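So the structure is just underneath, and the comments pick up after that.
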Amino acid sequence: RPPARAAHVEPLTLGERARLDGMAIPKRRADWLLGRLTAKAVAARALAELFPVAWPEGAVEIANERGGAPFARLAPEAGPIGPFAPGERLPVLVSISHAEGRALCAAAPAGEAGRGRSPGLGIDLGGVEALSDGFVDTFFAEDEQRLVHGAAPADRALLVNLVWCAKEAVLKALGLGLTVDTRDVRIVPEPGAPAGRAWPLAPACGGWRAFAATCAPAVLPPGEQLRGIWRPFPGFVGALAIAEARAPVRAAVTAWPTPRTSGAPAAPTGAGA
């Protein structure tokens, strides 16, 4: 098990370092570390906008609920920051996804979404790969199937992975994961960029596009709203869903360096939201 470089673990809290030390599988260690470093950076930026004081990444701990969902708290070993005491939960939603040496993370003010029955924020990142017609017919709703089957061959792989990523992001935001029938969440990509007033992205939209998510009543009670955005990255597609109508969102994608590359993870790329 190769040790993590000092530059990588420096921003980790004592609790995060202990969890990393308990991981024996190198890929799991690398994925977890990349996700934590990216999430801490994004959460610190979101917190600085809510509370304009210094938020060192080493003071922001990304912990997990019993069910596995991440949340942010002030590290127990840190000093007080603003109105928050060491160990106190911080009022930001956090979501993490990683795929093939890359991490995509998002943070947003908790608002009412962070106090309800679901996390309120979900993000997903996946490689653009060829998924079979059988996969589409099994996991996609009928209107999604028609959308895919009517797409140009050159667009099919991106479209299938977009719909699947968006489904996973929505189900993360609802706190359900893949515990429900994925056909009960229907995704429709919308043309153009998300409207600035409806999607107060921070900073302004940079390549993100909107999608509509329609859920069956068993998944989302009538009247509750979910909004979504997606964007392609080279060889990948990412999607983000949020249940809070007014929350600005920060997101960043980071690529892990190859084993021959020294230093810290590459600077966030494609940080369009």
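We name chains A, B, ... following the order of the structure tokens; residues begin at 1 in each chain, and ligands are numbered from 1 as shown.
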Need the shell around region 84-97 of chain A: protein/DNA/RNA residues with any atom at most 6 Å away, counting only C-alpha atoms. Skip same-chain ones fewer than 2 positions apart. Format as a PyMOL selection string? chain A and resi 71-76+78+80-82+103-110+122-125
Which of region 7-46 of chain A end up as alpha helix (DSSP H) when DSSP is run on this backbone - answer as JSON, numbers by chain? {"A": [7, 8, 9, 14, 15, 16, 17, 18, 19, 20, 21, 26, 27, 28, 29, 30, 31, 32, 33, 34, 35, 36, 37, 38, 39, 40, 41, 42, 43, 44, 45, 46]}
Take the residues just selected and output them with C-alpha atoms as a compact mmCIF listing (two decimals), in the first residue's frame.
# COMPACT_ATOMS: atom_id res chain seq x y z
CA ALA A 7 1.43 17.31 -0.03
CA HIS A 8 -1.71 15.23 -0.49
CA VAL A 9 -2.53 14.59 3.17
CA LEU A 14 -6.99 13.97 12.03
CA GLY A 15 -10.20 12.02 11.50
CA GLU A 16 -9.75 12.00 7.74
CA ARG A 17 -6.14 10.83 8.05
CA ALA A 18 -7.22 8.01 10.35
CA ARG A 19 -9.82 6.88 7.84
CA LEU A 20 -7.31 7.02 4.97
CA ASP A 21 -4.81 4.99 7.00
CA PRO A 26 -4.57 1.53 -3.34
CA LYS A 27 -7.34 2.46 -5.80
CA ARG A 28 -9.83 2.95 -2.98
CA ARG A 29 -7.30 5.12 -1.12
CA ALA A 30 -6.60 7.24 -4.20
CA ASP A 31 -10.29 7.70 -5.08
CA TRP A 32 -11.25 8.56 -1.50
CA LEU A 33 -8.34 11.00 -1.08
CA LEU A 34 -9.05 12.78 -4.36
CA GLY A 35 -12.74 13.08 -3.52
CA ARG A 36 -12.02 14.44 -0.04
CA LEU A 37 -9.49 17.01 -1.22
CA THR A 38 -11.84 18.28 -3.92
CA ALA A 39 -14.87 18.33 -1.61
CA LYS A 40 -12.96 20.20 1.12
CA ALA A 41 -11.84 22.87 -1.37
CA VAL A 42 -15.35 23.35 -2.76
CA ALA A 43 -16.97 23.37 0.68
CA ALA A 44 -14.46 25.93 1.97
CA ARG A 45 -15.30 28.22 -0.97
CA ALA A 46 -19.03 27.86 -0.33
Shell around Phe211 (chain A) at 8 Å using only C-alpha atoms, local window under 4 positions removed, as a list of chain:residue names: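 Answer for this query is A:Ile187, A:Val188, A:Pro189, A:Glu190, A:Arg227, A:Gly228, A:Ile229, A:Trp230.
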Using Å and a single decimal, report how far CA of Ala218 (chain A) sits from CA of Arg146 (chain A). 23.4 Å
Using only C-alpha atoms, which of the listed residues (A:Val53, A:Met23, A:Val180, A:Leu174) sits closest to Leu121 (chain A)?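 Closest to Leu121 (chain A) of all the choices is A:Leu174.
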Strand (DSSP E) call set, DSSP backbone run, region 67-225 of chain A, as a ChimeraX atom specification: /A:70-74,92-99,102-109,121-127,185-189,209-215
If we count only C-alpha atoms and set the cut-off at 10 Å, which residues sit around Leu159 (chain A), ignoring sequence neighbours fewer than 6 positions away in its own chain? Please answer as a CSV table (one decimal) with C-alpha atoms, in the first residue's frame.
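Listed below is the output, out34.csv:
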chain,number,residue,atom,x,y,z
A,128,VAL,CA,-18.7,8.0,-21.6
A,144,GLU,CA,-36.0,8.2,-22.4
A,147,LEU,CA,-34.9,9.8,-27.0
A,148,VAL,CA,-31.9,7.5,-27.1
A,151,ALA,CA,-30.4,10.1,-31.5
A,152,ALA,CA,-27.7,10.2,-34.2
A,165,CYS,CA,-25.6,10.2,-14.7
A,189,PRO,CA,-32.1,17.3,-21.5
A,237,VAL,CA,-20.1,13.4,-18.3
For a test of reading the model, state the distance in Å between CA of Cys215 (chain A) and CA of Glu65 (chain A), rounded to one decimal. 25.0 Å
Among listed residues A:Pro232, A:Thr138, A:His98, A:Ala239, nearest Ala212 (chain A) (using only C-alpha atoms): A:Ala239
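CA of Val219 (chain A) to CA of Ala166 (chain A) spans 15.0 Å [interatomic distance, one decimal].
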Counting only C-alpha atoms, which of A:Leu176, A:Val170, A:Ala154, A:Ala24 gets nearest to Thr214 (chain A)?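 So, comparing all the options, the nearest one is A:Val170.
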